[in-house]
Amino acid sequence: MFSKLALKNVVRSVRDYSVYFLTLTFGVCIFYVFNSMDAQYVMDALRSSRSNIIEVLVTLIDVLSAFVSVVLGFLILYANRFMIRRRKRELGTYLLLGMDGGLVSGLLLLETLLIGLFSLGAGLALGVVLSQFISILTAGLFQITLTEFYFVFSLKAVLKTALYFGVIFLVVMFFNSFTVSRQKLIDLLHAHRENQDLKLKSVRASLVMFLAGAALLAIAYTMLLRRGILTIDTLFFVMLGLGSLGTLLFFRSLSGFLLKLCQSAKGMYYRGLNMFILRQFNSRINSTYVSMTVICLMLLLAIGITACSIGLNNTISSITDGTAPYDVTVQFLSSGGTPAPDLERWLAEDGFDPAEELGDYLVYQSGWAELDRVGEDLPVTVHVLFQSDCDRLLELQGREPLRLGENEYGLLLGTLQEPEDNPVYETRPVLEINESALLPGPTDRAVLQTGAETGEWYVVLPDWASDIPLFGVEWNLVGNYAPGADAQGANDRLAEAVRQLVPREEQEIYDGYVYGWATKLDIYEQTMGSKIIVLFLGIYLGIVFLLCSAAVLALQQLSQAADNQERYAVLTRLGVEERMRDRSVYVQVFLAFFAPLALAVVHAAVGMTSANEAIAVVGKVDSAASSAVTAVFILVVYGAYFLATCLGSRRIVRGK
């Protein structure tokens, strides 16, 4: 009988507070997904490379998970405070019917245990499903192609999740028992009749608080914009304190003059149930301004961390793509007078056959030449590339060819805004080759080898000039893997093949040679490693803070709807239509969700402006893309909680 009662209460609570249980489930899910990353197949592939990104990422997630568990623990305790308050009359009824206080505490312990097991099981099941997509996401970021599906299950992550959430629910059990044991029977039975006192009634005091809060926020904004977000010192924490205090004063001031301000607009105030809605909202602000401040700051963290991590990732991705135009680059430089190296044969003999490994590739030469300038005595030394090779290289990048006229030369510059040490870029001289004059022609920007300096430049000559003498000749092999190829496996085979590139019997021929190689995967690991860490940790924290913020707001509104059930019953007896009552519920929920979000967006706009200035140091900031992704993220998660809260509150006030 005791177990049946506990189970029945859990089922009823799941129905009344589905938002709470969904939040627990998603919290467990996210916790498992990120802690199971070290078990991902793609992580094993990356772990075998020359980078230690994965070890660093897993270590940081372990540290961050402890912080996340504390945040979720406070969320669960906060939610239980509302649930216990909602059930005080029910618990008092149990005591009135003769149930011992110890049995009531035991009932709560059993209910909490059932809730914990239900949430843990559902969250782990969902986490196992979602964790299958982490490898796909990570492989996409590093441009690794997964040739087959690998089922991922991490027993370590399951045990870790069960341990952390087990401790949280033990604390919740103790909290519930302690709360009920301290309550008197009369207080439990009359808890639903308790009213919140409106302590702040002075419009003048509210106005002073509002102006003081606005002034503190303006000072904090100014300090952030002038000092930047990366200057961490004493003034930085002063700035955070001023911003937090300004936010608190802003919400505290609303309980005084908001109602007065609305009353001055009589046409709006007396329309429909607006008077009832505004008085309800005004009275709640008085008791929830602290929680609204915390929610606003958590929303700021969710928006700022998510947007900045996405923006930084996009910035570094574009930079990396610019330095890695091909999947593979092999370069060979030998002393003068040596024959052309057979790079294809050498690589194939050591296990990497370009014809099989690469979907498309090109072997070409470039070098330095001294060219005469028409009308000047001194020749100019330039880095030379021939037109057919240039067009083929651009084609491999999916770009248009450099269209030269018959007697023109072109310039192919790197991606730097101002090319360095380029004697041709500024003067654009007329060059003379084989007694033929070449006029300056079109100019384009491109990097021609993976891992090359972005400031490298070439003078592109017509093919008929290919017989001019060159020195410092470079032979290059560049190519891209075929679609669907195992990039990681090919990368490993290339690394093994170039360890002894020149066969022993031919080393004397190429005396004094040097060679180098680079792959897009290695470039991504080297330049994007820390940025990938920032992206994953940013998404991790962003999801947690957003879930906590939305869940607390949802629980507050559901609890308020339960407290207002009798008031809505009075409205029904007075003849108020159901449509108007529903609208009253929707507007109150909207105000509760919109007020902290609106101020958090203002905070985030200032913070992201400062953050983007810091990100711009390493590359162009795509603020529109990061803002759009963040907006969609907020809209989906926050909007889903808003809709669920509206529907749940409506059902509660209808008495269903």
# chains A, B, ... in the order shown; residues from 1 in each chain; ligands from 1
>>> residues_around(residues="A:Asp444", least_positions_apart="3", cutoff="10 Å", atoms="only C-alpha atoms", output="ChimeraX atom specification")
/A:400-402,410-415,457
>>> write_last_selection(atoms="N, CA, C and O atoms", output="CSV table (one decimal), in the first residue's frame")
chain,number,residue,atom,x,y,z
A,400,GLU,N,37.6,29.7,-60.2
A,400,GLU,CA,37.8,30.0,-61.6
A,400,GLU,C,39.3,30.2,-62.0
A,400,GLU,O,40.1,30.6,-61.2
A,401,PRO,N,39.7,29.9,-63.2
A,401,PRO,CA,41.1,30.0,-63.6
A,401,PRO,C,41.5,31.5,-63.8
A,401,PRO,O,40.6,32.4,-63.8
A,402,LEU,N,42.7,31.7,-63.7
A,402,LEU,CA,43.3,33.1,-63.9
A,402,LEU,C,43.4,33.3,-65.4
A,402,LEU,O,44.4,32.8,-66.1
A,410,GLY,N,50.2,37.2,-64.9
A,410,GLY,CA,49.3,37.4,-63.8
A,410,GLY,C,50.0,37.4,-62.5
A,410,GLY,O,51.1,37.0,-62.4
A,411,LEU,N,49.3,37.8,-61.4
A,411,LEU,CA,49.8,37.8,-60.1
A,411,LEU,C,48.8,36.9,-59.2
A,411,LEU,O,47.6,37.1,-59.2
A,412,LEU,N,49.4,36.0,-58.5
A,412,LEU,CA,48.6,35.1,-57.6
A,412,LEU,C,49.2,35.4,-56.2
A,412,LEU,O,50.3,35.0,-55.9
A,413,LEU,N,48.4,36.2,-55.5
A,413,LEU,CA,48.9,36.6,-54.1
A,413,LEU,C,48.3,35.7,-53.1
A,413,LEU,O,47.3,35.0,-53.3
A,414,GLY,N,48.9,35.7,-51.9
A,414,GLY,CA,48.4,35.0,-50.8
A,414,GLY,C,47.2,35.7,-50.2
A,414,GLY,O,46.6,36.6,-50.8
A,415,THR,N,46.7,35.3,-49.0
A,415,THR,CA,45.5,35.8,-48.5
A,415,THR,C,45.8,37.0,-47.6
A,415,THR,O,44.8,37.6,-47.0
A,457,TRP,N,53.5,34.5,-52.8
A,457,TRP,CA,53.0,35.0,-54.0
A,457,TRP,C,53.7,34.5,-55.2
A,457,TRP,O,54.8,34.0,-55.1
>>> atom_distance(atom1="atom CA of A:Arg428", atom2="atom CA of A:Leu461")
14.0 Å
>>> residues_around(residues="A:Ser36", least_positions_apart="5", cutoff="10 Å", atoms="only C-alpha atoms", output="list in words")
Ile30, Phe31, Val58, Ile61, Gly127, Val128, Ser131, Gln132, Ile134, Val152, Phe153, Ser154, Leu155, Lys156, Ala157, Val158, Lys160 and Thr161 of chain A
>>> write_last_selection(atoms="C-alpha atoms", output="PDB file, in the first residue's frame")
ATOM      1  CA  ILE A  30      23.704  15.983 -21.635  1.00  0.00           C
ATOM      2  CA  PHE A  31      25.913  14.895 -18.735  1.00  0.00           C
ATOM      3  CA  VAL A  58      38.335  14.976 -21.911  1.00  0.00           C
ATOM      4  CA  ILE A  61      35.067  18.010 -19.486  1.00  0.00           C
ATOM      5  CA  GLY A 127      22.038  10.048 -23.916  1.00  0.00           C
ATOM      6  CA  VAL A 128      23.158   6.759 -25.454  1.00  0.00           C
ATOM      7  CA  SER A 131      25.996  10.175 -28.195  1.00  0.00           C
ATOM      8  CA  GLN A 132      26.013   8.265 -31.475  1.00  0.00           C
ATOM      9  CA  ILE A 134      28.926  13.143 -31.413  1.00  0.00           C
ATOM     10  CA  VAL A 152      29.092   3.934 -28.804  1.00  0.00           C
ATOM     11  CA  PHE A 153      28.465   2.973 -25.205  1.00  0.00           C
ATOM     12  CA  SER A 154      30.585   4.187 -22.305  1.00  0.00           C
ATOM     13  CA  LEU A 155      30.223   2.235 -19.060  1.00  0.00           C
ATOM     14  CA  LYS A 156      32.538   4.773 -17.437  1.00  0.00           C
ATOM     15  CA  ALA A 157      30.184   7.630 -18.366  1.00  0.00           C
ATOM     16  CA  VAL A 158      27.159   5.643 -17.106  1.00  0.00           C
ATOM     17  CA  LYS A 160      29.981   8.609 -13.478  1.00  0.00           C
ATOM     18  CA  THR A 161      26.517   9.951 -14.310  1.00  0.00           C
TER      19      THR A 161
END
>>> residues_around(residues="A:Leu558", least_positions_apart="3", cutoff="7 Å", atoms="only C-alpha atoms", output="list in words")
Ala554, Leu555, Ala561, Ala562, Thr645, Gly648 and Ser649 of chain A
>>> write_last_selection(atoms="N, CA and C atoms", output="short mmCIF file (atom, residue, chain, number, x, y, z; two decimals), in the first residue's frame")
data_model
loop_
_atom_site.label_atom_id
_atom_site.label_comp_id
_atom_site.auth_asym_id
_atom_site.auth_seq_id
_atom_site.Cartn_x
_atom_site.Cartn_y
_atom_site.Cartn_z
N ALA A 554 9.90 27.99 -15.59
CA ALA A 554 8.72 27.15 -15.81
C ALA A 554 8.13 26.67 -14.49
N LEU A 555 8.98 26.25 -13.56
CA LEU A 555 8.49 25.77 -12.28
C LEU A 555 7.85 26.89 -11.47
N ALA A 561 0.60 29.23 -11.00
CA ALA A 561 -0.71 28.83 -11.53
C ALA A 561 -1.48 28.00 -10.51
N ALA A 562 -0.76 27.11 -9.80
CA ALA A 562 -1.42 26.31 -8.77
C ALA A 562 -1.92 27.18 -7.63
N THR A 645 5.13 25.52 -20.56
CA THR A 645 4.66 26.19 -19.35
C THR A 645 3.28 26.80 -19.56
N GLY A 648 0.84 23.86 -19.49
CA GLY A 648 0.71 23.31 -18.15
C GLY A 648 -0.02 24.25 -17.21
N SER A 649 0.28 25.54 -17.28
CA SER A 649 -0.40 26.51 -16.41
C SER A 649 -1.88 26.60 -16.75
#
>>> residues_around(residues="A:Leu448", least_positions_apart="3", cutoff="8 Å", atoms="only C-alpha atoms", output="PDB file with all heavy atoms, in the first residue's frame")
ATOM      1  N   PRO A 325      44.103  24.356 -48.549  1.00  0.00           N
ATOM      2  CA  PRO A 325      43.242  24.249 -49.730  1.00  0.00           C
ATOM      3  C   PRO A 325      43.122  22.830 -50.274  1.00  0.00           C
ATOM      4  O   PRO A 325      42.191  22.533 -51.017  1.00  0.00           O
ATOM      5  CB  PRO A 325      43.921  25.170 -50.744  1.00  0.00           C
ATOM      6  CG  PRO A 325      45.359  25.180 -50.336  1.00  0.00           C
ATOM      7  CD  PRO A 325      45.351  25.069 -48.841  1.00  0.00           C
ATOM      8  N   LEU A 393      45.543  24.128 -60.425  1.00  0.00           N
ATOM      9  CA  LEU A 393      45.533  24.269 -58.973  1.00  0.00           C
ATOM     10  C   LEU A 393      44.261  24.969 -58.498  1.00  0.00           C
ATOM     11  O   LEU A 393      43.640  24.568 -57.514  1.00  0.00           O
ATOM     12  CB  LEU A 393      46.765  25.053 -58.510  1.00  0.00           C
ATOM     13  CG  LEU A 393      48.101  24.324 -58.621  1.00  0.00           C
ATOM     14  CD1 LEU A 393      49.260  25.290 -58.407  1.00  0.00           C
ATOM     15  CD2 LEU A 393      48.174  23.186 -57.609  1.00  0.00           C
ATOM     16  N   ALA A 452      51.108  26.184 -46.323  1.00  0.00           N
ATOM     17  CA  ALA A 452      51.988  27.239 -46.813  1.00  0.00           C
ATOM     18  C   ALA A 452      51.693  28.554 -46.101  1.00  0.00           C
ATOM     19  O   ALA A 452      50.619  28.753 -45.540  1.00  0.00           O
ATOM     20  CB  ALA A 452      51.819  27.413 -48.319  1.00  0.00           C
TER      21      ALA A 452
END
>>> closest_residue(among="A:Pro442, A:Pro596, A:Gly166, A:Gly575", to="A:Tyr289", atoms="only C-alpha atoms")
A:Pro596
>>> residues_around(residues="A:Phe594", least_positions_apart="3", cutoff="12 Å", atoms="only C-alpha atoms", output="list in words")
Met292, Ile295, Cys296, Leu299, Ser549, Ala550, Leu553, Tyr586, Val587, Gln588, Val589, Phe590, Leu591, Leu597, Ala598, Leu599, Ala600, Val601, Leu635, Tyr638, Gly639 and Phe642 of chain A
>>> closest_residue(among="A:Leu216, A:Ile543, A:Leu278, A:Val552", to="A:Phe34", atoms="only C-alpha atoms")
A:Ile543
>>> residues_around(residues="A:Val68", least_positions_apart="3", cutoff="8 Å", atoms="only C-alpha atoms", output="list in words")
Leu64, Ser65, Val71, Leu72, Leu541 and Val544 of chain A
>>> write_last_selection(atoms="C-alpha atoms", output="JSON list (two decimals), in the first residue's frame")
[["chain", "number", "residue", "atom", "x", "y", "z"],
["A", 64, "LEU", "CA", 33.62, 21.07, -15.93],
["A", 65, "SER", "CA", 31.25, 18.20, -15.14],
["A", 71, "VAL", "CA", 24.55, 23.78, -10.95],
["A", 72, "LEU", "CA", 22.10, 20.97, -11.66],
["A", 541, "LEU", "CA", 27.75, 25.14, -20.61],
["A", 544, "VAL", "CA", 23.15, 23.59, -19.04]]
>>> atom_distance(atom1="atom CA of A:Phe118", atom2="atom CA of A:Leu643")
23.8 Å
>>> select_by_dssp(residues="stretch 418-616 of chain A", states="alpha helix (DSSP H)", output="ChimeraX atom specification")
/A:487-497,520-563,565-573,578-615
>>> write_last_selection(atoms="C-alpha atoms", output="compact mmCIF listing (two decimals), in the first residue's frame")
# COMPACT_ATOMS: atom_id res chain seq x y z
CA ALA A 487 40.95 10.32 -44.63
CA GLN A 488 42.45 9.29 -41.29
CA GLY A 489 43.74 5.99 -42.66
CA ALA A 490 45.16 7.68 -45.78
CA ASN A 491 46.74 10.32 -43.56
CA ASP A 492 48.51 7.63 -41.54
CA ARG A 493 49.74 5.86 -44.69
CA LEU A 494 51.11 9.13 -46.08
CA ALA A 495 52.92 9.85 -42.83
CA GLU A 496 54.57 6.44 -43.02
CA ALA A 497 55.44 6.82 -46.72
CA LYS A 520 44.39 19.24 -44.07
CA LEU A 521 43.63 16.94 -41.13
CA ASP A 522 46.92 17.84 -39.44
CA ILE A 523 46.29 21.54 -40.04
CA TYR A 524 42.84 21.21 -38.48
CA GLU A 525 44.28 19.42 -35.46
CA GLN A 526 47.04 21.97 -34.97
CA THR A 527 45.10 25.19 -35.55
CA MET A 528 41.61 24.20 -34.45
CA GLY A 529 42.35 22.03 -31.45
CA SER A 530 41.85 24.65 -28.78
CA LYS A 531 38.95 26.14 -30.75
CA ILE A 532 37.19 22.76 -30.88
CA ILE A 533 37.64 22.54 -27.13
CA VAL A 534 36.06 25.97 -26.76
CA LEU A 535 33.16 24.95 -29.02
CA PHE A 536 32.34 21.75 -27.13
CA LEU A 537 32.70 23.31 -23.70
CA GLY A 538 30.72 26.36 -24.83
CA ILE A 539 27.85 24.22 -26.09
CA TYR A 540 28.01 22.12 -22.90
CA LEU A 541 27.75 25.14 -20.61
CA GLY A 542 25.29 26.94 -22.86
CA ILE A 543 22.85 24.03 -22.81
CA VAL A 544 23.15 23.59 -19.04
CA PHE A 545 22.62 27.28 -18.23
CA LEU A 546 19.74 27.58 -20.67
CA LEU A 547 18.04 24.45 -19.32
CA CYS A 548 18.43 25.68 -15.74
CA SER A 549 17.08 29.13 -16.54
CA ALA A 550 14.07 27.90 -18.47
CA ALA A 551 13.31 25.15 -15.95
CA VAL A 552 13.33 27.51 -12.96
CA LEU A 553 11.05 29.96 -14.78
CA ALA A 554 8.72 27.15 -15.81
CA LEU A 555 8.49 25.77 -12.28
CA GLN A 556 7.84 29.21 -10.84
CA GLN A 557 4.99 29.79 -13.27
CA LEU A 558 3.49 26.35 -12.71
CA SER A 559 3.63 26.91 -8.97
CA GLN A 560 2.05 30.34 -9.40
CA ALA A 561 -0.71 28.83 -11.53
CA ALA A 562 -1.42 26.31 -8.77
CA ASP A 563 -1.52 29.10 -6.16
CA GLN A 565 -6.26 28.28 -9.04
CA GLU A 566 -8.84 29.60 -6.56
CA ARG A 567 -8.54 33.14 -7.93
CA TYR A 568 -9.30 31.87 -11.42
CA ALA A 569 -12.23 29.92 -9.99
CA VAL A 570 -13.57 33.23 -8.65
CA LEU A 571 -13.15 34.78 -12.11
CA THR A 572 -15.13 31.87 -13.54
CA ARG A 573 -17.96 32.45 -11.07
CA GLU A 578 -12.42 30.84 -20.61
CA ARG A 579 -10.66 32.53 -23.53
CA MET A 580 -9.90 35.60 -21.38
CA ARG A 581 -8.66 33.45 -18.50
CA ASP A 582 -6.36 31.55 -20.83
CA ARG A 583 -5.05 34.82 -22.24
CA SER A 584 -4.33 35.98 -18.70
CA VAL A 585 -2.24 32.86 -18.11
CA TYR A 586 -0.33 33.27 -21.38
CA VAL A 587 0.48 36.94 -20.75
CA GLN A 588 1.76 36.28 -17.23
CA VAL A 589 3.98 33.45 -18.46
CA PHE A 590 5.21 35.63 -21.33
CA LEU A 591 6.13 38.50 -18.99
CA ALA A 592 7.97 36.14 -16.66
CA PHE A 593 9.96 34.60 -19.53
CA PHE A 594 10.51 37.80 -21.51
CA ALA A 595 11.68 40.17 -18.74
CA PRO A 596 14.94 38.34 -17.83
CA LEU A 597 15.55 37.35 -21.45
CA ALA A 598 15.24 40.94 -22.70
CA LEU A 599 17.81 42.27 -20.22
CA ALA A 600 20.07 39.25 -20.83
CA VAL A 601 20.03 40.00 -24.58
CA VAL A 602 21.11 43.59 -23.86
CA HIS A 603 23.91 42.33 -21.60
CA ALA A 604 24.95 39.78 -24.24
CA ALA A 605 24.97 42.36 -27.04
CA VAL A 606 27.48 44.48 -25.12
CA GLY A 607 29.52 41.48 -24.06
CA MET A 608 29.63 40.00 -27.56
CA THR A 609 30.74 43.36 -28.98
CA SER A 610 33.76 43.24 -26.70
CA ALA A 611 34.31 39.52 -27.35
CA ASN A 612 34.16 39.99 -31.12
CA GLU A 613 36.87 42.63 -30.92
CA ALA A 614 39.08 40.06 -29.21
CA ILE A 615 38.18 37.34 -31.74
>>> closest_residue(among="A:Ser309, A:Thr338, A:Gln280, A:Ser466", to="A:Val384", atoms="only C-alpha atoms")
A:Ser466
>>> select_by_dssp(residues="stretch 372-485 of chain A", states="strand (DSSP E)", output="PyMOL selection string")
chain A and resi 372-373+380-386+408-413+431-433+436-445+458-461+471-481
>>> closest_residue(among="A:Val473, A:Ala212, A:Leu225, A:Tyr326", to="A:Leu242", atoms="only C-alpha atoms")
A:Ala212
>>> closest_residue(among="A:Met275, A:Leu333, A:Val459, A:Ala482", to="A:Ala355", atoms="only C-alpha atoms")
A:Ala482
>>> closest_residue(among="A:Gly322, A:Gly405, A:Pro462, A:Pro423", to="A:Cys390", atoms="only C-alpha atoms")
A:Pro462
